[in-house]
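For reference, the structure discussed in these notes is given below.
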Amino acid sequence: MKSKTAVIVLCLAVIVGHSMAASQKATAQVADQSNGGKIEGTWRVQVTVRNCQTGDEVRTFPAILTFAQGGNLTGTTTVVPVALRSPDHGVWNFKGAGNYRAVSEAFLFNPAGAWVSTQRITQAIDLAPNSNTFTSNASVEFFDTLGNTTSTGCSTAVATRME
């Protein structure tokens, strides 16, 4: 009888231990998601295209980005007319300590309306402690319709949360 009781107590201890570990993991995930969620919302962005070798400014233009709950990203820009460039669609994730990564793509068209290339923007985003501004560094890649890289570029951005 004592050995059956010992086995039951041991089993209960293992179950409680696993439950506590799972609870701690879930709590940590919620904390990560709540910190990661600080970027959620719509942002007014001032993008600066830069010379990748020198860092010199080439031009600036406004854009709007929306970071949705769950990691989806949409955006639009004024740099190319809407008839020649689709909106951006992409994903974002929380890297920790106010840092995020975002990747988005847009289709580019010629004046006749034919799809000619795809633009991919990969951003490293640093959210300010007040959660109302961010800065980012981005690499930009252009691909032909077969997926071959045709050119690359660099940019930085400063953003303010839209309220």
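We label chains A, B, ... in the order they appear in the structure tokens, count residues from 1 in each chain, and number ligands from 1 in the order shown.
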Compile the contact shell of segment 55-63 of chain A as a count of residues only: residues with an atom at most 6 Å away, counting only C-alpha atoms, same-chain residues fewer than 3 positions apart removed. 10
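Near Ser86 of chain A, within 7 Å and counting only C-alpha atoms, sit Ala106, Phe107 and Leu108 of chain A; same-chain residues fewer than 5 positions away were not included.
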Selected residue, from A:Gly153, A:Gly41, A:Pro81, A:Gly90, that lies nearest to Ser139 of chain A when counting only C-alpha atoms: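 Smallest distance to Ser139 of chain A is found for A:Gly153.
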Skipping near chain neighbours, those fewer than 4 positions away, what residues fall within 7 Å of Phe143 of chain A using only C-alpha atoms, listed as a ChimeraX atom specification? /A:117-119,147-150
Near Asn93 of chain A, within 8 Å and counting only C-alpha atoms, which residues show up once chain neighbours fewer than 4 positions away are dropped, as a PyMOL selection string? chain A and resi 36+71+100-102
Do a neighbour search on Ala124 of chain A at 12 Å with only C-alpha atoms, toss out local chain neighbours closer than 5 positions, and write the hits as an NGL selection string. :A and (92-96 or 98-103 or 134-140 or 154-158)
Residue neighbourhood Gly113 of chain A, 8 Å, only C-alpha atoms, exclusion window fewer than 4 positions, as a list of chain:residue names: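 Those residues are A:Ala83, A:Leu84, A:Phe109.
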Find the distance between atom CA of Glu141 of chain A and atom CA of Arg120 of chain A and write it in Å to one decimal.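 Atom CA of Glu141 of chain A sits 5.2 Å away from atom CA of Arg120 of chain A.
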Looking only at strand (DSSP E) from DSSP on the backbone, list the matching residues of segment 25-133 of chain A as a PyMOL selection string. chain A and resi 41-50+57-67+72-77+88-96+99-109+115-127+133
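Distances here use only C-alpha atoms; by that measure, the residue among A:Val91, A:Val79, A:Ala159, A:Ile125 closest to Phe67 of chain A is A:Val91.
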